[in-house]
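J.: Here you go, one structure.
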Amino acid sequence: MWSGKEIYGAAERNKEPILSVLRNYIKKEVAQVFLEIASGSGQHVAYFAPNFPQVTFYPSENGDPKLMKSISLHTADMTNVKPPINIDIATNYKSWNNGLFKENTLDYMYTSNLTHVSPFKCTISLFENAGKLLKSEGLLLMYGPFAVDGNLSPESNINFDKNLRAQNSELGIRDVRDLRELADKNGIKLLKMEDMPANNKTLIWKKSSQ
């Protein structure tokens with residue numbers, strides 16, 4: 001019988017590799033705030049949170065009641081995870097949950113498999129909001145498939161990109177080169193690009209010191 005907890009196979013497979021990257025960047029023994037954009041089923045935040053008790057996690061979704069319920073169920077007993085909030089990343093942060101987040105208050109923003117399955121305006125807004133919300137030297141972490149300087153590989157990612165664009169011309173795997181341009185406009189620099197299993201990457205972006 002369905003319990004209300006969504007379980008995505010990809011999230012199960014990639015949660016441990018992503019956690020291994022987070023361990024290298026999340027500071028220890030310091031109270032911090034972590035906002036996840038597009039939490040999906042909630043599997044990631046539920047897996048990450050117990051490993052970082054010093055961090056307060058805010059999961060979010062764009063209003064899908066089934067996903068909001070799934071996130072709540074996955075994280076129900078976790079004291080350092082807040083209830084999921086409704087965030088449309090294409091909008092300005094001031095409209096999120098009646099202005100819950102203020103400028104320069106987040107240590108981390110994180111999203112997984114978002115940029116290629118949403119219109120590019122969402123990626124633009126992601127960087128704009130991160131540039132405002134992150135503290136000086138705060139991190140934006142992005143997981144998924146990416147092209148690098150016009151090169152996309154392997155063939156499976158090329159075919160995936162073609163299929164996405166055939167469904168909707170606004171979708172498609174983004175190039176890190178284009179993301180750098182967005183980041184530069186918002187005071188953010190690419191710190192590291194980590195190769196991940198299944199031909200994905202984790203991009204670690206850092207807001208400039210102020």
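All residue names refer to the structure tokens as shown: chains lettered A, B, ... in order, residues numbered from 1 in each chain, ligands numbered from 1 in order.
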As a list in words, please: the residues near stretch 191-206 of chain A (cut-off 6 Å, only C-alpha atoms, same-chain neighbours under 4 positions excluded).

T.: Glu137, Gly138, Leu139, Leu140, Leu141, Met142, Tyr143, Gly144 and Pro145 of chain A

J.: Could you dump the residues just selected with C-alpha atoms as a PDB file, in the first residue's frame?

T.:
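Contents of out_37.pdb, freshly written:
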```pdb
ATOM      1  CA  GLU A 137      31.453  33.030   0.800  1.00  0.00           C
ATOM      2  CA  GLY A 138      28.233  30.988   0.985  1.00  0.00           C
ATOM      3  CA  LEU A 139      27.922  28.069  -1.431  1.00  0.00           C
ATOM      4  CA  LEU A 140      25.491  27.172  -4.207  1.00  0.00           C
ATOM      5  CA  LEU A 141      25.677  23.442  -4.943  1.00  0.00           C
ATOM      6  CA  MET A 142      24.154  22.031  -8.133  1.00  0.00           C
ATOM      7  CA  TYR A 143      23.970  18.361  -9.123  1.00  0.00           C
ATOM      8  CA  GLY A 144      23.044  16.981 -12.523  1.00  0.00           C
ATOM      9  CA  PRO A 145      24.260  16.547 -16.112  1.00  0.00           C
TER      10      PRO A 145
END
```

J.: So which residues touch A:Met109 within 12 Å, counting only C-alpha atoms, skipping near sequence neighbours fewer than 5 positions away, as a short mmCIF file (atom, residue, chain, number, x, y, z; two decimals) with N, CA, C and O atoms, in the first residue's frame?

T.:
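Written file, part.cif:
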```
data_model
loop_
_atom_site.label_atom_id
_atom_site.label_comp_id
_atom_site.auth_asym_id
_atom_site.auth_seq_id
_atom_site.Cartn_x
_atom_site.Cartn_y
_atom_site.Cartn_z
N LEU A 22 29.20 16.79 -0.14
CA LEU A 22 28.78 17.76 0.88
C LEU A 22 29.68 17.70 2.10
O LEU A 22 29.98 18.74 2.72
N ILE A 26 30.58 21.35 3.88
CA ILE A 26 29.79 21.84 5.01
C ILE A 26 30.65 21.90 6.25
O ILE A 26 31.28 20.91 6.64
N GLN A 32 24.39 26.49 10.91
CA GLN A 32 24.28 26.94 9.53
C GLN A 32 22.87 26.68 8.99
O GLN A 32 22.10 25.91 9.57
N VAL A 33 22.59 27.32 7.84
CA VAL A 33 21.28 27.20 7.21
C VAL A 33 21.46 26.73 5.76
O VAL A 33 22.29 27.28 5.01
N PHE A 34 20.67 25.72 5.38
CA PHE A 34 20.79 25.04 4.09
C PHE A 34 19.41 25.03 3.44
O PHE A 34 18.47 24.47 3.99
N LEU A 35 19.28 25.66 2.28
CA LEU A 35 18.01 25.69 1.55
C LEU A 35 18.11 24.79 0.34
O LEU A 35 18.98 24.99 -0.53
N GLU A 36 17.24 23.79 0.26
CA GLU A 36 17.17 22.93 -0.91
C GLU A 36 16.04 23.41 -1.82
O GLU A 36 14.89 23.50 -1.39
N ILE A 37 16.39 23.70 -3.06
CA ILE A 37 15.40 24.10 -4.06
C ILE A 37 14.98 22.86 -4.85
O ILE A 37 15.82 22.09 -5.31
N ALA A 38 13.66 22.68 -4.99
CA ALA A 38 13.11 21.53 -5.72
C ALA A 38 13.52 20.22 -5.06
O ALA A 38 14.27 19.42 -5.63
N SER A 39 13.01 19.98 -3.87
CA SER A 39 13.39 18.80 -3.08
C SER A 39 12.81 17.50 -3.61
O SER A 39 13.22 16.42 -3.17
N THR A 56 20.52 23.62 9.88
CA THR A 56 19.06 23.64 9.75
C THR A 56 18.72 23.57 8.27
O THR A 56 19.16 24.42 7.48
N PHE A 57 17.96 22.55 7.88
CA PHE A 57 17.60 22.32 6.49
C PHE A 57 16.19 22.82 6.19
O PHE A 57 15.25 22.54 6.95
N TYR A 58 16.07 23.52 5.09
CA TYR A 58 14.76 23.96 4.58
C TYR A 58 14.52 23.31 3.23
O TYR A 58 15.08 23.74 2.21
N PRO A 59 13.70 22.27 3.16
CA PRO A 59 13.32 21.71 1.86
C PRO A 59 12.24 22.56 1.21
O PRO A 59 11.53 23.30 1.90
N SER A 60 12.10 22.43 -0.10
CA SER A 60 11.07 23.20 -0.80
C SER A 60 10.61 22.47 -2.06
O SER A 60 11.32 21.62 -2.60
N ILE A 89 11.11 28.85 -8.04
CA ILE A 89 12.44 29.42 -8.17
C ILE A 89 12.49 30.51 -9.23
O ILE A 89 13.41 31.34 -9.24
N PHE A 101 13.07 34.32 4.01
CA PHE A 101 14.53 34.44 3.92
C PHE A 101 14.94 35.88 3.62
O PHE A 101 14.35 36.54 2.77
N ASN A 104 21.64 37.71 2.56
CA ASN A 104 22.88 37.35 3.25
C ASN A 104 22.65 36.51 4.51
O ASN A 104 23.34 36.70 5.52
N LEU A 126 17.61 31.35 -10.26
CA LEU A 126 18.36 30.63 -9.22
C LEU A 126 19.62 31.40 -8.85
O LEU A 126 19.92 31.61 -7.66
N PHE A 127 20.37 31.83 -9.85
CA PHE A 127 21.60 32.58 -9.57
C PHE A 127 21.31 33.97 -9.00
O PHE A 127 22.02 34.44 -8.11
N ASN A 129 18.74 34.84 -7.13
CA ASN A 129 18.35 34.68 -5.73
C ASN A 129 19.51 34.25 -4.86
O ASN A 129 19.65 34.71 -3.72
N ALA A 130 20.36 33.38 -5.38
CA ALA A 130 21.54 32.95 -4.62
C ALA A 130 22.46 34.13 -4.36
O ALA A 130 23.04 34.26 -3.26
N GLY A 131 22.60 35.01 -5.35
CA GLY A 131 23.46 36.18 -5.16
C GLY A 131 22.98 37.09 -4.05
O GLY A 131 23.79 37.79 -3.42
N LYS A 132 21.68 37.09 -3.80
CA LYS A 132 21.12 37.91 -2.72
C LYS A 132 21.11 37.18 -1.38
O LYS A 132 21.45 37.74 -0.34
N LEU A 133 20.70 35.92 -1.40
CA LEU A 133 20.43 35.20 -0.15
C LEU A 133 21.67 34.63 0.53
O LEU A 133 21.71 34.54 1.76
N LEU A 134 22.65 34.22 -0.26
CA LEU A 134 23.82 33.60 0.35
C LEU A 134 24.65 34.62 1.13
O LEU A 134 24.78 35.78 0.73
N LYS A 135 25.20 34.15 2.22
CA LYS A 135 26.16 34.97 2.96
C LYS A 135 27.43 35.14 2.12
O LYS A 135 27.66 34.40 1.16
N GLU A 137 30.77 34.33 0.89
CA GLU A 137 31.45 33.03 0.80
C GLU A 137 30.51 31.84 1.01
O GLU A 137 30.96 30.71 1.18
N GLY A 138 29.19 32.08 0.96
CA GLY A 138 28.23 30.99 0.99
C GLY A 138 28.30 30.20 -0.32
O GLY A 138 28.81 30.69 -1.34
N LEU A 139 27.78 28.97 -0.30
CA LEU A 139 27.92 28.07 -1.43
C LEU A 139 26.58 27.74 -2.08
O LEU A 139 25.58 27.52 -1.40
N LEU A 140 26.59 27.70 -3.40
CA LEU A 140 25.49 27.17 -4.21
C LEU A 140 25.97 25.85 -4.80
O LEU A 140 26.96 25.82 -5.53
N LEU A 141 25.28 24.77 -4.48
CA LEU A 141 25.68 23.44 -4.94
C LEU A 141 24.63 22.91 -5.91
O LEU A 141 23.44 22.88 -5.58
N MET A 142 25.07 22.47 -7.08
CA MET A 142 24.15 22.03 -8.13
C MET A 142 24.60 20.67 -8.66
O MET A 142 25.75 20.51 -9.09
N TYR A 143 23.68 19.71 -8.64
CA TYR A 143 23.97 18.36 -9.12
C TYR A 143 23.16 18.07 -10.38
O TYR A 143 21.99 18.46 -10.48
N LEU A 203 28.46 20.91 -9.22
CA LEU A 203 29.11 22.21 -9.37
C LEU A 203 29.03 22.94 -8.03
O LEU A 203 27.95 23.07 -7.45
N ILE A 204 30.18 23.40 -7.54
CA ILE A 204 30.22 24.13 -6.28
C ILE A 204 30.56 25.58 -6.61
O ILE A 204 31.66 25.89 -7.10
N TRP A 205 29.60 26.46 -6.35
CA TRP A 205 29.75 27.88 -6.62
C TRP A 205 29.88 28.62 -5.29
O TRP A 205 29.24 28.27 -4.30
N LYS A 206 30.69 29.67 -5.28
CA LYS A 206 30.94 30.41 -4.05
C LYS A 206 30.64 31.89 -4.26
O LYS A 206 31.11 32.50 -5.23
N LYS A 207 29.84 32.44 -3.36
CA LYS A 207 29.56 33.88 -3.42
C LYS A 207 30.81 34.64 -2.98
O LYS A 207 31.48 34.28 -2.01
#
```

J.: List as JSON lines every residue of stretch 49-131 of chain A that is in contact with stretch 169-184 of chain A, defined as an atom at most 8 Å from one of its atoms (using only C-alpha atoms), together with the nearest atom pair and the distance in Å rounded to one decimal, sorted by chain and then rising number.

T.:
```
{"residue": "A:Thr115", "atom": "CA", "partner": "A:Arg174", "partner_atom": "CA", "distance": 6.9}
{"residue": "A:His116", "atom": "CA", "partner": "A:Ile173", "partner_atom": "CA", "distance": 4.6}
{"residue": "A:Val117", "atom": "CA", "partner": "A:Leu171", "partner_atom": "CA", "distance": 5.5}
{"residue": "A:Ser118", "atom": "CA", "partner": "A:Leu171", "partner_atom": "CA", "distance": 5.7}
{"residue": "A:Pro119", "atom": "CA", "partner": "A:Glu170", "partner_atom": "CA", "distance": 4.9}
{"residue": "A:Phe120", "atom": "CA", "partner": "A:Glu170", "partner_atom": "CA", "distance": 6.6}
{"residue": "A:Ile124", "atom": "CA", "partner": "A:Leu182", "partner_atom": "CA", "distance": 6.5}
{"residue": "A:Phe127", "atom": "CA", "partner": "A:Ala183", "partner_atom": "CA", "distance": 6.1}
```

J.: Residues as selected, all heavy atoms, written as an mmCIF file, in the first residue's frame, can you do that?

T.:
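Saved as part.cif:
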```cif
data_model
loop_
_atom_site.group_PDB
_atom_site.id
_atom_site.type_symbol
_atom_site.label_atom_id
_atom_site.label_comp_id
_atom_site.auth_asym_id
_atom_site.auth_seq_id
_atom_site.Cartn_x
_atom_site.Cartn_y
_atom_site.Cartn_z
ATOM 1 N N THR A 115 18.120 22.164 -13.429
ATOM 2 C CA THR A 115 18.332 23.133 -14.506
ATOM 3 C C THR A 115 17.943 22.608 -15.879
ATOM 4 O O THR A 115 17.467 23.371 -16.728
ATOM 5 C CB THR A 115 19.799 23.608 -14.540
ATOM 6 O OG1 THR A 115 20.665 22.483 -14.761
ATOM 7 C CG2 THR A 115 20.169 24.282 -13.224
ATOM 8 N N HIS A 116 18.108 21.317 -16.129
ATOM 9 C CA HIS A 116 17.817 20.792 -17.467
ATOM 10 C C HIS A 116 16.342 20.478 -17.681
ATOM 11 O O HIS A 116 15.896 20.320 -18.817
ATOM 12 C CB HIS A 116 18.669 19.549 -17.769
ATOM 13 C CG HIS A 116 18.496 18.432 -16.790
ATOM 14 N ND1 HIS A 116 19.047 18.480 -15.524
ATOM 15 C CD2 HIS A 116 17.847 17.241 -16.867
ATOM 16 C CE1 HIS A 116 18.751 17.362 -14.878
ATOM 17 N NE2 HIS A 116 18.019 16.592 -15.673
ATOM 18 N N VAL A 117 15.582 20.365 -16.594
ATOM 19 C CA VAL A 117 14.156 20.027 -16.720
ATOM 20 C C VAL A 117 13.258 21.226 -16.422
ATOM 21 O O VAL A 117 12.055 21.071 -16.205
ATOM 22 C CB VAL A 117 13.771 18.835 -15.811
ATOM 23 C CG1 VAL A 117 14.525 17.587 -16.228
ATOM 24 C CG2 VAL A 117 14.019 19.150 -14.341
ATOM 25 N N SER A 118 13.822 22.414 -16.425
ATOM 26 C CA SER A 118 13.043 23.643 -16.219
ATOM 27 C C SER A 118 13.506 24.677 -17.234
ATOM 28 O O SER A 118 14.639 24.624 -17.712
ATOM 29 C CB SER A 118 13.226 24.163 -14.786
ATOM 30 O OG SER A 118 14.593 24.436 -14.528
ATOM 31 N N PRO A 119 12.652 25.632 -17.591
ATOM 32 C CA PRO A 119 13.056 26.690 -18.521
ATOM 33 C C PRO A 119 14.281 27.442 -17.997
ATOM 34 O O PRO A 119 14.502 27.542 -16.781
ATOM 35 C CB PRO A 119 11.824 27.599 -18.575
ATOM 36 C CG PRO A 119 10.680 26.699 -18.216
ATOM 37 C CD PRO A 119 11.239 25.749 -17.193
ATOM 38 N N PHE A 120 15.060 28.000 -18.917
ATOM 39 C CA PHE A 120 16.308 28.649 -18.522
ATOM 40 C C PHE A 120 16.068 29.835 -17.593
ATOM 41 O O PHE A 120 16.936 30.198 -16.799
ATOM 42 C CB PHE A 120 17.079 29.105 -19.767
ATOM 43 C CG PHE A 120 18.504 29.481 -19.487
ATOM 44 C CD1 PHE A 120 19.383 28.589 -18.901
ATOM 45 C CD2 PHE A 120 18.971 30.754 -19.794
ATOM 46 C CE1 PHE A 120 20.699 28.942 -18.641
ATOM 47 C CE2 PHE A 120 20.277 31.112 -19.539
ATOM 48 C CZ PHE A 120 21.152 30.202 -18.958
ATOM 49 N N ILE A 124 18.333 31.295 -14.443
ATOM 50 C CA ILE A 124 18.684 32.706 -14.259
ATOM 51 C C ILE A 124 18.261 33.177 -12.875
ATOM 52 O O ILE A 124 19.039 33.805 -12.145
ATOM 53 C CB ILE A 124 18.003 33.563 -15.350
ATOM 54 C CG1 ILE A 124 18.562 33.221 -16.727
ATOM 55 C CG2 ILE A 124 18.164 35.053 -15.040
ATOM 56 C CD1 ILE A 124 17.810 33.876 -17.878
ATOM 57 N N PHE A 127 20.367 31.833 -9.846
ATOM 58 C CA PHE A 127 21.598 32.581 -9.574
ATOM 59 C C PHE A 127 21.307 33.965 -8.997
ATOM 60 O O PHE A 127 22.020 34.443 -8.108
ATOM 61 C CB PHE A 127 22.446 32.691 -10.835
ATOM 62 C CG PHE A 127 23.283 31.480 -11.112
ATOM 63 C CD1 PHE A 127 22.845 30.513 -11.991
ATOM 64 C CD2 PHE A 127 24.499 31.289 -10.476
ATOM 65 C CE1 PHE A 127 23.605 29.380 -12.240
ATOM 66 C CE2 PHE A 127 25.272 30.167 -10.715
ATOM 67 C CZ PHE A 127 24.831 29.198 -11.599
#
```

J.: Extract, using only C-alpha atoms, all DNA, RNA and protein residues at most 8 Å from A:Gly63, discarding same-chain residues fewer than 4 positions from it, and format them as a list in words.

T.: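 After dropping sequence-adjacent residues, the list is Met68, Asn86, Ile87 and Asp88 of chain A.
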
J.: Quick one: pick out all strand (DSSP E) residues within stretch 8-191 of chain A from a backbone DSSP run and write them as JSON, numbers by chain.

T.: {"A": [32, 33, 34, 35, 36, 37, 55, 56, 57, 58, 60, 61, 85, 86, 106, 107, 108, 109, 110, 111, 112, 134, 135, 136, 137, 138, 139, 140, 141, 142, 143, 144, 188, 189, 190, 191]}

J.: How about saving the chosen residues, N, CA, C and O atoms kept, as a short mmCIF file (atom, residue, chain, number, x, y, z; two decimals), in the first residue's frame?

T.:
```cif
data_model
loop_
_atom_site.label_atom_id
_atom_site.label_comp_id
_atom_site.auth_asym_id
_atom_site.auth_seq_id
_atom_site.Cartn_x
_atom_site.Cartn_y
_atom_site.Cartn_z
N GLN A 32 24.39 26.49 10.91
CA GLN A 32 24.28 26.94 9.53
C GLN A 32 22.87 26.68 8.99
O GLN A 32 22.10 25.91 9.57
N VAL A 33 22.59 27.32 7.84
CA VAL A 33 21.28 27.20 7.21
C VAL A 33 21.46 26.73 5.76
O VAL A 33 22.29 27.28 5.01
N PHE A 34 20.67 25.72 5.38
CA PHE A 34 20.79 25.04 4.09
C PHE A 34 19.41 25.03 3.44
O PHE A 34 18.47 24.47 3.99
N LEU A 35 19.28 25.66 2.28
CA LEU A 35 18.01 25.69 1.55
C LEU A 35 18.11 24.79 0.34
O LEU A 35 18.98 24.99 -0.53
N GLU A 36 17.24 23.79 0.26
CA GLU A 36 17.17 22.93 -0.91
C GLU A 36 16.04 23.41 -1.82
O GLU A 36 14.89 23.50 -1.39
N ILE A 37 16.39 23.70 -3.06
CA ILE A 37 15.40 24.10 -4.06
C ILE A 37 14.98 22.86 -4.85
O ILE A 37 15.82 22.09 -5.31
N VAL A 55 23.31 21.83 11.14
CA VAL A 55 22.71 22.56 10.02
C VAL A 55 21.18 22.48 10.10
O VAL A 55 20.62 21.41 10.35
N THR A 56 20.52 23.62 9.88
CA THR A 56 19.06 23.64 9.75
C THR A 56 18.72 23.57 8.27
O THR A 56 19.16 24.42 7.48
N PHE A 57 17.96 22.55 7.88
CA PHE A 57 17.60 22.32 6.49
C PHE A 57 16.19 22.82 6.19
O PHE A 57 15.25 22.54 6.95
N TYR A 58 16.07 23.52 5.09
CA TYR A 58 14.76 23.96 4.58
C TYR A 58 14.52 23.31 3.23
O TYR A 58 15.08 23.74 2.21
N SER A 60 12.10 22.43 -0.10
CA SER A 60 11.07 23.20 -0.80
C SER A 60 10.61 22.47 -2.06
O SER A 60 11.32 21.62 -2.60
N GLU A 61 9.41 22.83 -2.50
CA GLU A 61 8.88 22.35 -3.77
C GLU A 61 7.95 23.43 -4.32
O GLU A 61 7.53 24.31 -3.59
N ILE A 85 8.53 24.16 2.23
CA ILE A 85 7.91 25.42 1.87
C ILE A 85 7.71 25.48 0.36
O ILE A 85 8.41 24.82 -0.41
N ASN A 86 6.74 26.27 -0.04
CA ASN A 86 6.39 26.41 -1.46
C ASN A 86 7.27 27.49 -2.08
O ASN A 86 7.16 28.66 -1.73
N LEU A 106 21.80 32.82 4.17
CA LEU A 106 21.93 31.39 3.91
C LEU A 106 23.40 31.00 3.74
O LEU A 106 24.17 31.69 3.08
N ASP A 107 23.75 29.88 4.32
CA ASP A 107 25.11 29.34 4.16
C ASP A 107 25.22 28.50 2.90
O ASP A 107 26.26 28.47 2.24
N TYR A 108 24.11 27.79 2.58
CA TYR A 108 24.11 26.90 1.42
C TYR A 108 22.77 26.94 0.71
O TYR A 108 21.72 26.99 1.34
N MET A 109 22.84 26.91 -0.62
CA MET A 109 21.67 26.60 -1.44
C MET A 109 22.05 25.39 -2.28
O MET A 109 23.19 25.28 -2.76
N TYR A 110 21.10 24.49 -2.46
CA TYR A 110 21.39 23.22 -3.13
C TYR A 110 20.22 22.85 -4.03
O TYR A 110 19.05 23.05 -3.66
N THR A 111 20.54 22.31 -5.19
CA THR A 111 19.50 21.77 -6.05
C THR A 111 20.05 20.61 -6.86
O THR A 111 21.23 20.59 -7.21
N SER A 112 19.19 19.66 -7.13
CA SER A 112 19.57 18.45 -7.85
C SER A 112 18.65 18.26 -9.06
O SER A 112 17.43 18.31 -8.93
N LEU A 134 22.65 34.22 -0.26
CA LEU A 134 23.82 33.60 0.35
C LEU A 134 24.65 34.62 1.13
O LEU A 134 24.78 35.78 0.73
N LYS A 135 25.20 34.15 2.22
CA LYS A 135 26.16 34.97 2.96
C LYS A 135 27.43 35.14 2.12
O LYS A 135 27.66 34.40 1.16
N SER A 136 28.25 36.07 2.49
CA SER A 136 29.56 36.19 1.88
C SER A 136 30.29 34.84 2.01
O SER A 136 30.35 34.27 3.10
N GLU A 137 30.77 34.33 0.89
CA GLU A 137 31.45 33.03 0.80
C GLU A 137 30.51 31.84 1.01
O GLU A 137 30.96 30.71 1.18
N GLY A 138 29.19 32.08 0.96
CA GLY A 138 28.23 30.99 0.99
C GLY A 138 28.30 30.20 -0.32
O GLY A 138 28.81 30.69 -1.34
N LEU A 139 27.78 28.97 -0.30
CA LEU A 139 27.92 28.07 -1.43
C LEU A 139 26.58 27.74 -2.08
O LEU A 139 25.58 27.52 -1.40
N LEU A 140 26.59 27.70 -3.40
CA LEU A 140 25.49 27.17 -4.21
C LEU A 140 25.97 25.85 -4.80
O LEU A 140 26.96 25.82 -5.53
N LEU A 141 25.28 24.77 -4.48
CA LEU A 141 25.68 23.44 -4.94
C LEU A 141 24.63 22.91 -5.91
O LEU A 141 23.44 22.88 -5.58
N MET A 142 25.07 22.47 -7.08
CA MET A 142 24.15 22.03 -8.13
C MET A 142 24.60 20.67 -8.66
O MET A 142 25.75 20.51 -9.09
N TYR A 143 23.68 19.71 -8.64
CA TYR A 143 23.97 18.36 -9.12
C TYR A 143 23.16 18.07 -10.38
O TYR A 143 21.99 18.46 -10.48
N GLY A 144 23.77 17.39 -11.33
CA GLY A 144 23.04 16.98 -12.52
C GLY A 144 23.98 16.82 -13.70
O GLY A 144 25.21 16.90 -13.56
N ILE A 188 29.06 35.57 -8.01
CA ILE A 188 29.29 34.17 -7.67
C ILE A 188 30.34 33.60 -8.62
O ILE A 188 30.33 33.89 -9.81
N LYS A 189 31.24 32.77 -8.09
CA LYS A 189 32.30 32.17 -8.90
C LYS A 189 32.27 30.65 -8.76
O LYS A 189 31.91 30.13 -7.70
N LEU A 190 32.66 29.96 -9.82
CA LEU A 190 32.75 28.50 -9.77
C LEU A 190 33.98 28.10 -8.98
O LEU A 190 35.11 28.43 -9.36
N LEU A 191 33.76 27.41 -7.89
CA LEU A 191 34.85 26.98 -7.01
C LEU A 191 35.42 25.64 -7.44
O LEU A 191 36.63 25.43 -7.47
#
```

J.: List every residue of stretch 63-209 of chain A that DSSP, applied to the backbone, labels as helix (DSSP H, G or I), and write the result as a ChimeraX atom specification.

T.: /A:65-74,93-98,115-117,120-133,155-167,176-185,197-199

J.: Those selected residues, please, written with C-alpha atoms and delivered as a PDB file, in the first residue's frame.

T.:
```pdb
ATOM      1  CA  PRO A  65       0.840  18.563  -2.831  1.00  0.00           C
ATOM      2  CA  LYS A  66       1.993  14.994  -3.421  1.00  0.00           C
ATOM      3  CA  LEU A  67       5.648  15.996  -3.219  1.00  0.00           C
ATOM      4  CA  MET A  68       5.079  18.299  -0.249  1.00  0.00           C
ATOM      5  CA  LYS A  69       3.488  15.371   1.585  1.00  0.00           C
ATOM      6  CA  SER A  70       6.323  13.050   0.620  1.00  0.00           C
ATOM      7  CA  ILE A  71       8.949  15.484   1.908  1.00  0.00           C
ATOM      8  CA  SER A  72       7.053  15.851   5.176  1.00  0.00           C
ATOM      9  CA  LEU A  73       6.828  12.085   5.631  1.00  0.00           C
ATOM     10  CA  HIS A  74      10.485  11.469   4.830  1.00  0.00           C
ATOM     11  CA  TYR A  93      12.960  35.357  -2.952  1.00  0.00           C
ATOM     12  CA  LYS A  94      10.974  38.176  -1.311  1.00  0.00           C
ATOM     13  CA  SER A  95       7.774  36.403  -2.335  1.00  0.00           C
ATOM     14  CA  TRP A  96       8.745  33.069  -0.803  1.00  0.00           C
ATOM     15  CA  ASN A  97       6.746  32.174   2.284  1.00  0.00           C
ATOM     16  CA  ASN A  98       6.002  35.818   3.103  1.00  0.00           C
ATOM     17  CA  THR A 115      18.332  23.133 -14.506  1.00  0.00           C
ATOM     18  CA  HIS A 116      17.817  20.792 -17.467  1.00  0.00           C
ATOM     19  CA  VAL A 117      14.156  20.027 -16.720  1.00  0.00           C
ATOM     20  CA  PHE A 120      16.308  28.649 -18.522  1.00  0.00           C
ATOM     21  CA  LYS A 121      14.548  31.531 -16.751  1.00  0.00           C
ATOM     22  CA  CYS A 122      14.548  29.298 -13.651  1.00  0.00           C
ATOM     23  CA  THR A 123      18.331  28.955 -13.814  1.00  0.00           C
ATOM     24  CA  ILE A 124      18.684  32.706 -14.259  1.00  0.00           C
ATOM     25  CA  SER A 125      16.499  33.295 -11.208  1.00  0.00           C
ATOM     26  CA  LEU A 126      18.361  30.632  -9.218  1.00  0.00           C
ATOM     27  CA  PHE A 127      21.598  32.581  -9.574  1.00  0.00           C
ATOM     28  CA  GLU A 128      19.897  35.934  -8.952  1.00  0.00           C
ATOM     29  CA  ASN A 129      18.346  34.678  -5.730  1.00  0.00           C
ATOM     30  CA  ALA A 130      21.540  32.955  -4.621  1.00  0.00           C
ATOM     31  CA  GLY A 131      23.456  36.179  -5.165  1.00  0.00           C
ATOM     32  CA  LYS A 132      21.119  37.910  -2.724  1.00  0.00           C
ATOM     33  CA  LEU A 133      20.427  35.198  -0.155  1.00  0.00           C
ATOM     34  CA  GLU A 155      26.226   9.624 -26.050  1.00  0.00           C
ATOM     35  CA  SER A 156      23.560   8.903 -23.438  1.00  0.00           C
ATOM     36  CA  ASN A 157      23.632  12.520 -22.255  1.00  0.00           C
ATOM     37  CA  ILE A 158      23.518  13.766 -25.852  1.00  0.00           C
ATOM     38  CA  ASN A 159      20.422  11.665 -26.510  1.00  0.00           C
ATOM     39  CA  PHE A 160      18.873  12.766 -23.208  1.00  0.00           C
ATOM     40  CA  ASP A 161      19.393  16.401 -24.186  1.00  0.00           C
ATOM     41  CA  LYS A 162      17.807  15.819 -27.612  1.00  0.00           C
ATOM     42  CA  ASN A 163      14.788  14.157 -26.040  1.00  0.00           C
ATOM     43  CA  LEU A 164      14.309  17.001 -23.575  1.00  0.00           C
ATOM     44  CA  ARG A 165      14.467  19.640 -26.298  1.00  0.00           C
ATOM     45  CA  ALA A 166      12.100  17.641 -28.501  1.00  0.00           C
ATOM     46  CA  GLN A 167       9.541  17.662 -25.676  1.00  0.00           C
ATOM     47  CA  VAL A 176      28.772  25.417 -17.490  1.00  0.00           C
ATOM     48  CA  ARG A 177      30.089  28.220 -19.699  1.00  0.00           C
ATOM     49  CA  ASP A 178      26.640  29.837 -19.739  1.00  0.00           C
ATOM     50  CA  LEU A 179      26.214  29.278 -16.021  1.00  0.00           C
ATOM     51  CA  ARG A 180      29.494  31.076 -15.355  1.00  0.00           C
ATOM     52  CA  GLU A 181      28.109  34.144 -17.123  1.00  0.00           C
ATOM     53  CA  LEU A 182      25.035  34.115 -14.889  1.00  0.00           C
ATOM     54  CA  ALA A 183      27.157  33.573 -11.818  1.00  0.00           C
ATOM     55  CA  ASP A 184      29.497  36.472 -12.665  1.00  0.00           C
ATOM     56  CA  LYS A 185      26.518  38.830 -12.928  1.00  0.00           C
ATOM     57  CA  PRO A 197      28.706   8.635 -11.177  1.00  0.00           C
ATOM     58  CA  ALA A 198      26.293   8.134 -14.088  1.00  0.00           C
ATOM     59  CA  ASN A 199      27.891  10.972 -16.109  1.00  0.00           C
TER      60      ASN A 199
END
```

J.: Write out as an MDAnalysis selection string the residues lying within 10 Å of A:Gln43, counting only C-alpha atoms and excluding same-chain residues fewer than 2 positions away.

T.: chainID A and resid 5:8 11:12 15 39:41 45:48 70:71 73:75
